[in-house]
file target-v7.cif (mmCIF, C-alpha atoms and all ligand atoms)
data_final
loop_
_atom_site.group_PDB
_atom_site.id
_atom_site.type_symbol
_atom_site.label_atom_id
_atom_site.label_comp_id
_atom_site.auth_asym_id
_atom_site.auth_seq_id
_atom_site.Cartn_x
_atom_site.Cartn_y
_atom_site.Cartn_z
ATOM 1 C CA MET J 9 -25.343 -1.005 -14.850
ATOM 2 C CA ASN J 10 -26.538 -1.720 -11.303
ATOM 3 C CA SER J 11 -23.632 -3.535 -9.722
ATOM 4 C CA VAL J 12 -19.811 -3.500 -9.923
ATOM 5 C CA THR J 13 -17.295 -5.714 -8.107
ATOM 6 C CA VAL J 14 -13.577 -4.974 -7.896
ATOM 7 C CA HIS J 15 -10.451 -6.668 -6.574
ATOM 8 C CA THR J 16 -8.307 -3.989 -4.973
ATOM 9 C CA PRO J 17 -4.695 -4.877 -4.162
ATOM 10 C CA ALA J 18 -2.407 -4.484 -1.184
ATOM 11 C CA THR J 19 0.497 -2.120 -1.817
ATOM 12 C CA LEU J 20 4.025 -1.723 -0.603
ATOM 13 C CA SER J 21 4.920 1.913 -0.049
ATOM 14 C CA ASN J 22 8.210 3.752 0.562
ATOM 15 C CA LEU J 23 10.442 0.836 -0.525
ATOM 16 C CA CYS J 24 13.008 2.068 2.020
ATOM 17 C CA SER J 25 14.427 5.298 0.637
ATOM 18 C CA GLY J 26 11.321 6.415 -1.308
ATOM 19 C CA PHE J 27 9.425 7.742 1.704
ATOM 20 C CA ASP J 28 5.989 8.954 0.519
ATOM 21 C CA ILE J 29 7.043 8.877 -3.160
ATOM 22 C CA LEU J 30 7.415 5.212 -4.234
ATOM 23 C CA GLY J 31 4.853 2.407 -4.118
ATOM 24 C CA MET J 32 4.202 -0.978 -5.670
ATOM 25 C CA ALA J 33 0.981 -2.965 -6.184
ATOM 26 C CA LEU J 34 1.003 -6.587 -4.986
ATOM 27 C CA GLU J 35 -0.813 -9.617 -6.435
ATOM 28 C CA GLN J 36 -1.560 -10.871 -2.896
ATOM 29 C CA PRO J 37 -3.539 -10.087 -0.794
ATOM 30 C CA TYR J 38 -6.481 -8.038 -2.142
ATOM 31 C CA ASP J 39 -9.873 -6.832 -0.889
ATOM 32 C CA VAL J 40 -13.148 -7.463 -2.694
ATOM 33 C CA ILE J 41 -15.587 -4.558 -2.923
ATOM 34 C CA THR J 42 -19.041 -4.590 -4.531
ATOM 35 C CA ILE J 43 -21.119 -1.482 -5.156
ATOM 36 C CA ASN J 44 -24.834 -1.848 -5.855
ATOM 37 C CA LYS J 45 -27.250 0.882 -6.875
ATOM 38 C CA ILE J 46 -30.153 1.120 -4.409
ATOM 39 C CA GLU J 47 -33.375 3.104 -4.130
ATOM 40 C CA GLY J 48 -33.115 6.451 -2.304
ATOM 41 C CA LYS J 49 -30.147 8.684 -1.500
ATOM 42 C CA ASP J 50 -28.337 6.720 1.217
ATOM 43 C CA ILE J 51 -24.856 5.270 1.152
ATOM 44 C CA VAL J 52 -25.136 1.980 3.032
ATOM 45 C CA ILE J 53 -21.920 0.214 4.080
ATOM 46 C CA LYS J 54 -21.752 -3.495 4.861
ATOM 47 C CA HIS J 55 -18.712 -5.435 6.016
ATOM 48 C CA LEU J 56 -18.229 -9.129 5.313
ATOM 49 C CA ASP J 57 -15.098 -9.227 7.500
ATOM 50 C CA ASN J 58 -14.781 -9.004 11.291
ATOM 51 C CA TYR J 59 -12.561 -5.940 11.592
ATOM 52 C CA GLY J 60 -15.275 -3.794 13.182
ATOM 53 C CA LEU J 61 -14.783 -0.853 10.802
ATOM 54 C CA SER J 62 -17.386 1.906 10.863
ATOM 55 C CA THR J 63 -20.561 1.596 8.804
ATOM 56 C CA ASP J 64 -21.178 5.343 9.073
ATOM 57 C CA PRO J 65 -20.480 6.654 5.550
ATOM 58 C CA LYS J 66 -18.899 9.816 6.984
ATOM 59 C CA GLN J 67 -16.508 7.791 9.158
ATOM 60 C CA ASN J 68 -15.685 5.061 6.673
ATOM 61 C CA ILE J 69 -13.137 5.570 3.908
ATOM 62 C CA ALA J 70 -15.380 3.919 1.331
ATOM 63 C CA GLY J 71 -18.292 6.207 2.199
ATOM 64 C CA VAL J 72 -16.130 9.324 2.076
ATOM 65 C CA VAL J 73 -14.763 8.486 -1.382
ATOM 66 C CA MET J 74 -18.223 7.560 -2.708
ATOM 67 C CA GLU J 75 -19.659 10.816 -1.387
ATOM 68 C CA ALA J 76 -16.813 12.848 -2.928
ATOM 69 C CA MET J 77 -17.555 11.362 -6.337
ATOM 70 C CA ARG J 78 -21.332 11.789 -5.991
ATOM 71 C CA LYS J 79 -20.830 15.427 -5.047
ATOM 72 C CA ASN J 80 -18.540 16.035 -8.016
ATOM 73 C CA LEU J 81 -21.070 14.453 -10.382
ATOM 74 C CA GLN J 82 -23.997 16.186 -8.651
ATOM 75 C CA THR J 83 -25.928 12.965 -8.220
ATOM 76 C CA GLU J 84 -27.883 11.699 -5.224
ATOM 77 C CA GLN J 85 -28.098 8.101 -6.423
ATOM 78 C CA GLY J 86 -28.111 5.732 -3.425
ATOM 79 C CA PHE J 87 -25.512 2.968 -3.126
ATOM 80 C CA GLU J 88 -24.794 -0.095 -1.056
ATOM 81 C CA ILE J 89 -21.066 -0.786 -0.610
ATOM 82 C CA ILE J 90 -20.161 -4.323 0.438
ATOM 83 C CA ILE J 91 -16.574 -4.669 1.661
ATOM 84 C CA ASP J 92 -14.701 -7.913 2.205
ATOM 85 C CA LYS J 93 -11.314 -6.958 3.600
ATOM 86 C CA LYS J 94 -8.550 -9.505 3.279
ATOM 87 C CA ILE J 95 -5.935 -6.827 3.987
ATOM 88 C CA LYS J 96 -5.979 -6.330 7.725
ATOM 89 C CA PRO J 97 -6.396 -2.672 8.763
ATOM 90 C CA GLY J 98 -3.216 -1.251 10.280
ATOM 91 C CA SER J 99 -0.963 -3.859 8.668
ATOM 92 C CA GLY J 100 1.213 -1.426 6.698
ATOM 93 C CA ILE J 101 0.347 -2.896 3.317
ATOM 94 C CA GLY J 102 -2.159 -0.286 2.230
ATOM 95 C CA SER J 103 -5.418 -1.537 3.738
ATOM 96 C CA SER J 104 -7.044 1.901 3.832
ATOM 97 C CA ALA J 105 -5.728 2.748 0.363
ATOM 98 C CA ALA J 106 -7.239 -0.475 -1.001
ATOM 99 C CA SER J 107 -10.678 0.560 0.277
ATOM 100 C CA ALA J 108 -10.349 4.116 -1.022
ATOM 101 C CA ALA J 109 -8.949 3.164 -4.437
ATOM 102 C CA GLY J 110 -11.360 0.236 -4.844
ATOM 103 C CA VAL J 111 -14.393 2.445 -4.269
ATOM 104 C CA ALA J 112 -13.028 5.191 -6.548
ATOM 105 C CA VAL J 113 -12.603 2.727 -9.441
ATOM 106 C CA ALA J 114 -15.906 0.921 -8.807
ATOM 107 C CA ALA J 115 -17.846 4.181 -8.470
ATOM 108 C CA ASN J 116 -16.279 5.518 -11.661
ATOM 109 C CA GLU J 117 -17.509 2.405 -13.445
ATOM 110 C CA ILE J 118 -21.024 2.249 -12.028
ATOM 111 C CA LEU J 119 -21.568 5.975 -12.603
ATOM 112 C CA GLN J 120 -19.972 5.764 -16.074
ATOM 113 C CA ALA J 121 -17.956 8.805 -15.064
ATOM 114 C CA ASN J 122 -14.826 8.372 -17.200
ATOM 115 C CA PHE J 123 -12.446 9.913 -14.692
ATOM 116 C CA ASN J 124 -8.826 9.133 -15.529
ATOM 117 C CA LYS J 125 -6.443 7.352 -13.159
ATOM 118 C CA GLN J 126 -4.964 10.549 -11.791
ATOM 119 C CA GLN J 127 -8.435 11.915 -11.009
ATOM 120 C CA LEU J 128 -9.342 8.620 -9.320
ATOM 121 C CA VAL J 129 -6.275 8.942 -7.078
ATOM 122 C CA GLN J 130 -7.505 12.443 -6.196
ATOM 123 C CA PHE J 131 -10.924 11.102 -5.127
ATOM 124 C CA ALA J 132 -9.336 8.230 -3.220
ATOM 125 C CA MET J 133 -7.085 10.688 -1.396
ATOM 126 C CA GLU J 134 -10.166 12.040 0.431
ATOM 127 C CA GLY J 135 -10.457 8.647 2.105
ATOM 128 C CA GLU J 136 -6.739 8.350 2.857
ATOM 129 C CA VAL J 137 -6.859 11.661 4.724
ATOM 130 C CA LEU J 138 -9.605 10.251 6.968
ATOM 131 C CA ALA J 139 -7.467 7.167 7.635
ATOM 132 C CA SER J 140 -4.049 8.659 8.275
ATOM 133 C CA GLY J 141 -4.635 12.382 8.707
ATOM 134 C CA SER J 142 -2.257 13.239 5.877
ATOM 135 C CA LYS J 143 -2.227 13.418 2.113
ATOM 136 C CA HIS J 144 0.183 10.935 0.620
ATOM 137 C CA ALA J 145 -0.397 8.820 -2.470
ATOM 138 C CA ASP J 146 2.309 6.159 -2.269
ATOM 139 C CA ASN J 147 -0.270 3.433 -1.588
ATOM 140 C CA LEU J 148 -3.169 4.911 -3.559
ATOM 141 C CA ALA J 149 -1.313 5.573 -6.797
ATOM 142 C CA PRO J 150 0.114 2.037 -7.225
ATOM 143 C CA CYS J 151 -3.239 0.601 -6.106
ATOM 144 C CA ILE J 152 -4.936 2.359 -9.035
ATOM 145 C CA TYR J 153 -2.128 2.363 -11.638
ATOM 146 C CA GLY J 154 -0.667 -1.073 -10.827
ATOM 147 C CA GLY J 155 3.061 -1.881 -10.981
ATOM 148 C CA LEU J 156 5.624 0.426 -9.424
ATOM 149 C CA VAL J 157 5.016 4.164 -9.431
ATOM 150 C CA LEU J 158 6.877 7.293 -8.476
ATOM 151 C CA ILE J 159 4.880 10.224 -7.132
ATOM 152 C CA ARG J 160 7.205 13.027 -8.164
ATOM 153 C CA ASP J 161 4.936 15.693 -6.718
ATOM 154 C CA THR J 162 2.063 14.910 -4.373
ATOM 155 C CA PRO J 163 0.057 18.189 -4.515
ATOM 156 C CA THR J 164 -0.192 18.031 -8.323
ATOM 157 C CA LEU J 165 -0.217 14.201 -8.406
ATOM 158 C CA ASP J 166 2.613 13.971 -10.896
ATOM 159 C CA ILE J 167 2.554 10.162 -11.037
ATOM 160 C CA ILE J 168 5.130 8.271 -13.077
ATOM 161 C CA PRO J 169 4.736 4.510 -13.692
ATOM 162 C CA LEU J 170 8.153 2.811 -13.625
ATOM 163 C CA ASN J 171 9.460 -0.302 -15.283
ATOM 164 C CA THR J 172 10.682 -3.138 -13.026
ATOM 165 C CA PRO J 173 12.497 -6.415 -13.490
ATOM 166 C CA GLU J 174 10.789 -9.584 -12.248
ATOM 167 C CA LEU J 175 10.678 -9.434 -8.456
ATOM 168 C CA PHE J 176 9.211 -11.515 -5.663
ATOM 169 C CA ILE J 177 8.055 -9.846 -2.496
ATOM 170 C CA THR J 178 7.900 -11.565 0.879
ATOM 171 C CA ILE J 179 5.904 -9.816 3.590
ATOM 172 C CA VAL J 180 5.597 -10.645 7.248
ATOM 173 C CA HIS J 181 2.922 -8.984 9.301
ATOM 174 C CA PRO J 182 3.628 -9.361 13.023
ATOM 175 C CA GLN J 183 0.277 -8.899 14.747
ATOM 176 C CA ILE J 184 1.157 -5.756 16.677
ATOM 177 C CA GLU J 185 -0.447 -2.385 16.114
ATOM 178 C CA ILE J 186 1.339 0.729 14.850
ATOM 179 C CA LYS J 187 -0.920 3.567 13.797
ATOM 180 C CA THR J 188 0.270 5.442 10.696
ATOM 181 C CA SER J 189 -0.501 8.749 12.418
ATOM 182 C CA TYR J 190 1.815 7.758 15.307
ATOM 183 C CA ALA J 191 4.527 6.420 12.979
ATOM 184 C CA ARG J 192 4.449 9.772 11.169
ATOM 185 C CA SER J 193 4.468 11.832 14.360
ATOM 186 C CA ILE J 194 7.848 10.406 15.449
ATOM 187 C CA LEU J 195 9.631 11.231 12.184
ATOM 188 C CA PRO J 196 12.381 13.853 12.294
ATOM 189 C CA LYS J 197 11.106 17.300 11.334
ATOM 190 C CA ASP J 198 14.483 18.382 9.942
ATOM 191 C CA LEU J 199 17.311 16.401 8.393
ATOM 192 C CA PRO J 200 21.051 17.017 8.457
ATOM 193 C CA LEU J 201 22.245 17.626 4.890
ATOM 194 C CA LYS J 202 24.458 14.542 5.055
ATOM 195 C CA THR J 203 21.425 12.338 5.841
ATOM 196 C CA ALA J 204 19.408 13.914 3.037
ATOM 197 C CA ILE J 205 22.220 13.300 0.565
ATOM 198 C CA THR J 206 22.374 9.615 1.534
ATOM 199 C CA GLN J 207 18.607 9.264 1.171
ATOM 200 C CA TRP J 208 18.269 10.926 -2.230
ATOM 201 C CA ALA J 209 21.312 9.067 -3.541
ATOM 202 C CA ASN J 210 19.628 5.804 -2.562
ATOM 203 C CA VAL J 211 16.266 6.715 -4.049
ATOM 204 C CA ALA J 212 17.946 7.712 -7.313
ATOM 205 C CA GLY J 213 19.898 4.433 -7.228
ATOM 206 C CA LEU J 214 16.759 2.438 -6.546
ATOM 207 C CA VAL J 215 14.785 4.001 -9.391
ATOM 208 C CA THR J 216 17.723 3.539 -11.775
ATOM 209 C CA GLY J 217 18.102 -0.064 -10.613
ATOM 210 C CA PHE J 218 14.439 -0.772 -11.344
ATOM 211 C CA ILE J 219 14.517 0.874 -14.762
ATOM 212 C CA GLN J 220 17.776 -0.784 -15.808
ATOM 213 C CA HIS J 221 16.790 -4.142 -14.274
ATOM 214 C CA ASP J 222 19.999 -3.983 -12.257
ATOM 215 C CA TYR J 223 19.433 -6.264 -9.248
ATOM 216 C CA SER J 224 22.769 -5.409 -7.666
ATOM 217 C CA LEU J 225 21.981 -1.682 -7.768
ATOM 218 C CA ILE J 226 18.490 -2.331 -6.339
ATOM 219 C CA SER J 227 20.091 -4.311 -3.537
ATOM 220 C CA ARG J 228 22.660 -1.591 -2.731
ATOM 221 C CA SER J 229 19.974 1.097 -2.780
ATOM 222 C CA LEU J 230 17.374 -0.509 -0.478
ATOM 223 C CA LYS J 231 18.441 1.698 2.431
ATOM 224 C CA ASP J 232 16.494 4.147 4.547
ATOM 225 C CA VAL J 233 18.280 6.573 6.851
ATOM 226 C CA VAL J 234 15.222 8.746 7.555
ATOM 227 C CA ALA J 235 12.200 6.735 8.751
ATOM 228 C CA GLU J 236 13.757 3.354 9.559
ATOM 229 C CA PRO J 237 15.992 4.532 12.434
ATOM 230 C CA VAL J 238 12.986 5.860 14.388
ATOM 231 C CA ARG J 239 10.375 3.336 13.268
ATOM 232 C CA SER J 240 12.252 0.031 13.328
ATOM 233 C CA PRO J 241 12.618 -0.052 17.166
ATOM 234 C CA LEU J 242 8.803 -0.332 17.272
ATOM 235 C CA ILE J 243 8.966 -3.666 15.419
ATOM 236 C CA PRO J 244 10.330 -6.663 17.362
ATOM 237 C CA GLY J 245 12.494 -8.922 15.207
ATOM 238 C CA PHE J 246 13.266 -6.235 12.630
ATOM 239 C CA ASP J 247 17.059 -6.691 12.524
ATOM 240 C CA GLU J 248 16.917 -10.465 12.682
ATOM 241 C CA VAL J 249 14.381 -10.700 9.846
ATOM 242 C CA ARG J 250 16.587 -8.616 7.583
ATOM 243 C CA GLU J 251 19.794 -10.391 8.568
ATOM 244 C CA ARG J 252 18.370 -13.876 8.012
ATOM 245 C CA SER J 253 16.653 -12.836 4.758
ATOM 246 C CA MET J 254 19.900 -11.450 3.362
ATOM 247 C CA GLN J 255 21.691 -14.660 4.329
ATOM 248 C CA VAL J 256 19.306 -16.715 2.163
ATOM 249 C CA GLY J 257 19.754 -14.372 -0.799
ATOM 250 C CA ALA J 258 17.188 -11.562 -0.543
ATOM 251 C CA LEU J 259 18.088 -8.319 -2.322
ATOM 252 C CA GLY J 260 17.078 -6.234 0.683
ATOM 253 C CA GLY J 261 14.048 -4.712 2.321
ATOM 254 C CA GLY J 262 12.776 -3.000 5.420
ATOM 255 C CA ILE J 263 9.539 -1.627 6.821
ATOM 256 C CA SER J 264 6.465 -1.864 4.605
ATOM 257 C CA GLY J 265 4.857 1.587 4.656
ATOM 258 C CA SER J 266 4.643 2.745 8.251
ATOM 259 C CA GLY J 267 4.782 -0.851 9.561
ATOM 260 C CA PRO J 268 4.436 -3.145 11.368
ATOM 261 C CA SER J 269 4.754 -5.365 8.253
ATOM 262 C CA LEU J 270 8.268 -5.964 6.940
ATOM 263 C CA PHE J 271 9.105 -6.717 3.308
ATOM 264 C CA MET J 272 12.008 -8.272 1.472
ATOM 265 C CA LEU J 273 12.557 -8.297 -2.302
ATOM 266 C CA SER J 274 14.026 -11.329 -4.051
ATOM 267 C CA ARG J 275 15.016 -12.269 -7.585
ATOM 268 C CA THR J 276 13.363 -15.683 -7.570
ATOM 269 C CA ALA J 277 10.330 -17.390 -6.073
ATOM 270 C CA GLU J 278 12.655 -19.949 -4.433
ATOM 271 C CA ILE J 279 14.541 -17.253 -2.533
ATOM 272 C CA ALA J 280 11.288 -15.481 -1.613
ATOM 273 C CA ASN J 281 9.989 -18.756 -0.127
ATOM 274 C CA GLU J 282 13.225 -19.240 1.820
ATOM 275 C CA VAL J 283 12.847 -15.698 3.150
ATOM 276 C CA GLU J 284 9.320 -16.556 4.270
ATOM 277 C CA LYS J 285 10.680 -19.524 6.252
ATOM 278 C CA GLU J 286 13.243 -17.299 7.974
ATOM 279 C CA MET J 287 10.576 -14.736 8.845
ATOM 280 C CA ARG J 288 8.429 -17.476 10.361
ATOM 281 C CA LEU J 289 11.334 -18.724 12.471
ATOM 282 C CA VAL J 290 11.922 -15.257 13.902
ATOM 283 C CA TYR J 291 8.328 -14.665 14.976
ATOM 284 C CA VAL J 292 7.748 -18.198 16.259
ATOM 285 C CA LYS J 293 10.845 -17.698 18.421
ATOM 286 C CA LEU J 294 9.574 -14.315 19.627
ATOM 287 C CA GLY J 295 6.130 -15.760 20.350
ATOM 288 C CA ILE J 296 4.413 -13.061 18.299
ATOM 289 C CA GLU J 297 1.536 -14.050 16.038
ATOM 290 C CA PHE J 298 2.143 -13.216 12.410
ATOM 291 C CA LYS J 299 0.974 -13.666 8.834
ATOM 292 C CA THR J 300 3.180 -14.000 5.785
ATOM 293 C CA TYR J 301 2.638 -13.449 2.059
ATOM 294 C CA VAL J 302 4.765 -14.195 -0.976
ATOM 295 C CA SER J 303 3.682 -12.149 -3.961
ATOM 296 C CA THR J 304 4.707 -10.843 -7.336
ATOM 297 C CA ILE J 305 4.084 -7.282 -8.519
ATOM 298 C CA ALA J 306 0.478 -6.709 -9.694
ATOM 299 C CA GLU J 307 0.900 -5.149 -13.121
ATOM 300 C CA GLN J 308 -2.723 -4.047 -13.032
ATOM 301 C CA GLY J 309 -4.170 -2.019 -10.174
ATOM 302 C CA VAL J 310 -7.806 -2.248 -9.033
ATOM 303 C CA ARG J 311 -9.537 -4.780 -11.321
ATOM 304 C CA ILE J 312 -13.189 -4.865 -12.241
ATOM 305 C CA VAL J 313 -14.275 -8.512 -12.095
HETATM 306 N N1 LIG I 401 4.518 6.736 3.195
HETATM 307 C C1 LIG I 401 3.631 6.490 4.299
HETATM 308 C C2 LIG I 401 4.439 6.473 5.587
HETATM 309 C C3 LIG I 401 2.960 5.178 4.097
HETATM 310 O O1 LIG I 401 5.475 5.816 5.611
HETATM 311 O O2 LIG I 401 4.021 7.109 6.559
HETATM 312 C C4 LIG I 401 1.975 4.826 5.163
HETATM 313 O O3 LIG I 401 0.674 5.085 4.749
#
call {"tool": "encode", "arguments": {"input": "target-v7.cif", "output": "structure tokens"}}
result
Amino acid sequence: MNSVTVHTPATLSNLCSGFDILGMALEQPYDVITINKIEGKDIVIKHLDNYGLSTDPKQNIAGVVMEAMRKNLQTEQGFEIIIDKKIKPGSGIGSSAASAAGVAVAANEILQANFNKQQLVQFAMEGEVLASGSKHADNLAPCIYGGLVLIRDTPTLDIIPLNTPELFITIVHPQIEIKTSYARSILPKDLPLKTAITQWANVAGLVTGFIQHDYSLISRSLKDVVAEPVRSPLIPGFDEVRERSMQVGALGGGISGSGPSLFMLSRTAEIANEVEKEMRLVYVKLGIEFKTYVSTIAEQGVRIV
């Protein structure tokens, strides 16, 4: 095998109360990554998009993950990695995770390495550290496993795929920049017990709601009293997007990952499309450029095509 191409999906992490421990793979958008074997020992990175990401394999997530796998397998095989990013870097829908997870899966295939999904998340994590400066798997794990996953313990990667009812996800990406490292630096270092109780009650409610296909419980549990209070002021239109989305029937939502994208969950495609219209109205009114997506959950993670 000399060439492998993958589709690697955007992901929605946190889902309000599940900060760093819940994530969901999305059908739309996704990046396309091709890995080709080449002569020599080099890792050559090429971008088909215009995001100006590094082509230095030590400074690019894809190169870091590829190198980690080569080192583990003690091979010096050269590779060309061609990346076509459709998920804008810094959007809050797992752009860096898509690169890291996509390369981990593609490299596993081309090297016939047989690493399991958990091991692939571990390799991909090397790239996520470069991107955000911290080890969290709430984008990487759903990107590789597909569906909705719980990361019960990050150091040991205790990853639990969860059942979900049918859901439609509407995302709006206002074109402002919020770096994950900054969005993490402003988080509270300590929590009052009362706040912690509210948060873990909601995350338990959310997980139960997903498993029991209880839309009302999902709706009541989509609350975040930890990250949202400090992060939402960075996102113009946040309150209005949620208010208008709820008025047209959304179940609830909030910040996608560390932002600036916002997400809303809905029971039907019709409601999700109405939510999209409301999101558009808000950002047209604010005069901020934006992009919207309406997606379902991607049951499969990174796909070899
Ligand atoms: N859980 C992470 C955060 C996701 O909210 O900081 C961003 O990568």
call {"tool": "atom_distance", "arguments": {"input": "target-v7.cif", "atom1": "CA of Ser224 in chain J", "atom2": "CA of Phe27 in chain J"}}
result
20.9 Å
call {"tool": "resolve_selection", "arguments": {"input": "target-v7.cif", "expression": "the PyMOL selection byres (((chain J and resi 294) around 12) and not hetatm)", "output": "mmCIF file with C-alpha atoms, keeping the file's coordinate frame"}}
result
data_model
loop_
_atom_site.group_PDB
_atom_site.id
_atom_site.type_symbol
_atom_site.label_atom_id
_atom_site.label_comp_id
_atom_site.auth_asym_id
_atom_site.auth_seq_id
_atom_site.Cartn_x
_atom_site.Cartn_y
_atom_site.Cartn_z
ATOM 1 C CA PRO J 182 3.628 -9.361 13.023
ATOM 2 C CA GLN J 183 0.277 -8.899 14.747
ATOM 3 C CA ILE J 243 8.966 -3.666 15.419
ATOM 4 C CA PRO J 244 10.330 -6.663 17.362
ATOM 5 C CA GLY J 245 12.494 -8.922 15.207
ATOM 6 C CA PHE J 246 13.266 -6.235 12.630
ATOM 7 C CA GLU J 248 16.917 -10.465 12.682
ATOM 8 C CA VAL J 249 14.381 -10.700 9.846
ATOM 9 C CA MET J 287 10.576 -14.736 8.845
ATOM 10 C CA ARG J 288 8.429 -17.476 10.361
ATOM 11 C CA LEU J 289 11.334 -18.724 12.471
ATOM 12 C CA VAL J 290 11.922 -15.257 13.902
ATOM 13 C CA TYR J 291 8.328 -14.665 14.976
ATOM 14 C CA VAL J 292 7.748 -18.198 16.259
ATOM 15 C CA LYS J 293 10.845 -17.698 18.421
ATOM 16 C CA GLY J 295 6.130 -15.760 20.350
ATOM 17 C CA ILE J 296 4.413 -13.061 18.299
ATOM 18 C CA GLU J 297 1.536 -14.050 16.038
ATOM 19 C CA PHE J 298 2.143 -13.216 12.410
#
call {"tool": "residues_around", "arguments": {"input": "target-v7.cif", "residues": "Gly257 in chain J", "least_positions_apart": "5", "cutoff": "12 Å", "atoms": "all atoms listed in the file", "output": "PyMOL selection string"}}
result
chain J and resi 176+223-224+227+250-252+272-284+286
call {"tool": "resolve_selection", "arguments": {"input": "target-v7.cif", "expression": "the PyMOL selection byres (((chain J and resi 118-129) around 7) and not hetatm)", "output": "PyMOL selection string"}}
result
chain J and resi 9-12+109+112-117+130-133+148-149+152-153+165
call {"tool": "write_last_selection", "arguments": {"input": "target-v7.cif", "atoms": "C-alpha atoms", "output": "PDB file, in the frame of the given file"}}
result
ATOM      1  CA  MET J   9     -25.343  -1.005 -14.850  1.00  0.00           C
ATOM      2  CA  ASN J  10     -26.538  -1.720 -11.303  1.00  0.00           C
ATOM      3  CA  SER J  11     -23.632  -3.535  -9.722  1.00  0.00           C
ATOM      4  CA  VAL J  12     -19.811  -3.500  -9.923  1.00  0.00           C
ATOM      5  CA  ALA J 109      -8.949   3.164  -4.437  1.00  0.00           C
ATOM      6  CA  ALA J 112     -13.028   5.191  -6.548  1.00  0.00           C
ATOM      7  CA  VAL J 113     -12.603   2.727  -9.441  1.00  0.00           C
ATOM      8  CA  ALA J 114     -15.906   0.921  -8.807  1.00  0.00           C
ATOM      9  CA  ALA J 115     -17.846   4.181  -8.470  1.00  0.00           C
ATOM     10  CA  ASN J 116     -16.279   5.518 -11.661  1.00  0.00           C
ATOM     11  CA  GLU J 117     -17.509   2.405 -13.445  1.00  0.00           C
ATOM     12  CA  GLN J 130      -7.505  12.443  -6.196  1.00  0.00           C
ATOM     13  CA  PHE J 131     -10.924  11.102  -5.127  1.00  0.00           C
ATOM     14  CA  ALA J 132      -9.336   8.230  -3.220  1.00  0.00           C
ATOM     15  CA  MET J 133      -7.085  10.688  -1.396  1.00  0.00           C
ATOM     16  CA  LEU J 148      -3.169   4.911  -3.559  1.00  0.00           C
ATOM     17  CA  ALA J 149      -1.313   5.573  -6.797  1.00  0.00           C
ATOM     18  CA  ILE J 152      -4.936   2.359  -9.035  1.00  0.00           C
ATOM     19  CA  TYR J 153      -2.128   2.363 -11.638  1.00  0.00           C
ATOM     20  CA  LEU J 165      -0.217  14.201  -8.406  1.00  0.00           C
TER      21      LEU J 165
END
call {"tool": "closest_atom_pairs", "arguments": {"input": "target-v7.cif", "of": "chain J", "to": "ligand LIG 401 (chain I)", "cutoff": "7 Å", "atoms": "all atoms listed in the file", "output": "Markdown table"}}
result
| residue | atom | partner | partner_atom | distance |
| --- | --- | --- | --- | --- |
| J:Ser21 | CA | I:LIG401 | C3 | 5.6 |
| J:Asn22 | CA | I:LIG401 | N1 | 5.4 |
| J:Phe27 | CA | I:LIG401 | N1 | 5.2 |
| J:Asp28 | CA | I:LIG401 | N1 | 3.8 |
| J:Gly100 | CA | I:LIG401 | C4 | 6.5 |
| J:Gly102 | CA | I:LIG401 | O3 | 6.6 |
| J:Ser140 | CA | I:LIG401 | O3 | 6.9 |
| J:His144 | CA | I:LIG401 | N1 | 6.6 |
| J:Asp146 | CA | I:LIG401 | N1 | 5.9 |
| J:Asn147 | CA | I:LIG401 | O3 | 6.6 |
| J:Thr188 | CA | I:LIG401 | C4 | 5.8 |
| J:Ala191 | CA | I:LIG401 | O2 | 6.5 |
| J:Arg192 | CA | I:LIG401 | O2 | 5.3 |
| J:Gly265 | CA | I:LIG401 | C3 | 4.1 |
| J:Ser266 | CA | I:LIG401 | O1 | 4.1 |
call {"tool": "resolve_selection", "arguments": {"input": "target-v7.cif", "expression": "the PyMOL selection byres (((chain J and resi 219) around 12) and not hetatm)", "output": "PyMOL selection string"}}
result
chain J and resi 156-158+169-174+212-218+220-223+225-226
call {"tool": "write_last_selection", "arguments": {"input": "target-v7.cif", "atoms": "C-alpha atoms", "output": "PDB file, in the coordinates of the input"}}
result
ATOM      1  CA  LEU J 156       5.624   0.426  -9.424  1.00  0.00           C
ATOM      2  CA  VAL J 157       5.016   4.164  -9.431  1.00  0.00           C
ATOM      3  CA  LEU J 158       6.877   7.293  -8.476  1.00  0.00           C
ATOM      4  CA  PRO J 169       4.736   4.510 -13.692  1.00  0.00           C
ATOM      5  CA  LEU J 170       8.153   2.811 -13.625  1.00  0.00           C
ATOM      6  CA  ASN J 171       9.460  -0.302 -15.283  1.00  0.00           C
ATOM      7  CA  THR J 172      10.682  -3.138 -13.026  1.00  0.00           C
ATOM      8  CA  PRO J 173      12.497  -6.415 -13.490  1.00  0.00           C
ATOM      9  CA  GLU J 174      10.789  -9.584 -12.248  1.00  0.00           C
ATOM     10  CA  ALA J 212      17.946   7.712  -7.313  1.00  0.00           C
ATOM     11  CA  GLY J 213      19.898   4.433  -7.228  1.00  0.00           C
ATOM     12  CA  LEU J 214      16.759   2.438  -6.546  1.00  0.00           C
ATOM     13  CA  VAL J 215      14.785   4.001  -9.391  1.00  0.00           C
ATOM     14  CA  THR J 216      17.723   3.539 -11.775  1.00  0.00           C
ATOM     15  CA  GLY J 217      18.102  -0.064 -10.613  1.00  0.00           C
ATOM     16  CA  PHE J 218      14.439  -0.772 -11.344  1.00  0.00           C
ATOM     17  CA  GLN J 220      17.776  -0.784 -15.808  1.00  0.00           C
ATOM     18  CA  HIS J 221      16.790  -4.142 -14.274  1.00  0.00           C
ATOM     19  CA  ASP J 222      19.999  -3.983 -12.257  1.00  0.00           C
ATOM     20  CA  TYR J 223      19.433  -6.264  -9.248  1.00  0.00           C
ATOM     21  CA  LEU J 225      21.981  -1.682  -7.768  1.00  0.00           C
ATOM     22  CA  ILE J 226      18.490  -2.331  -6.339  1.00  0.00           C
TER      23      ILE J 226
END
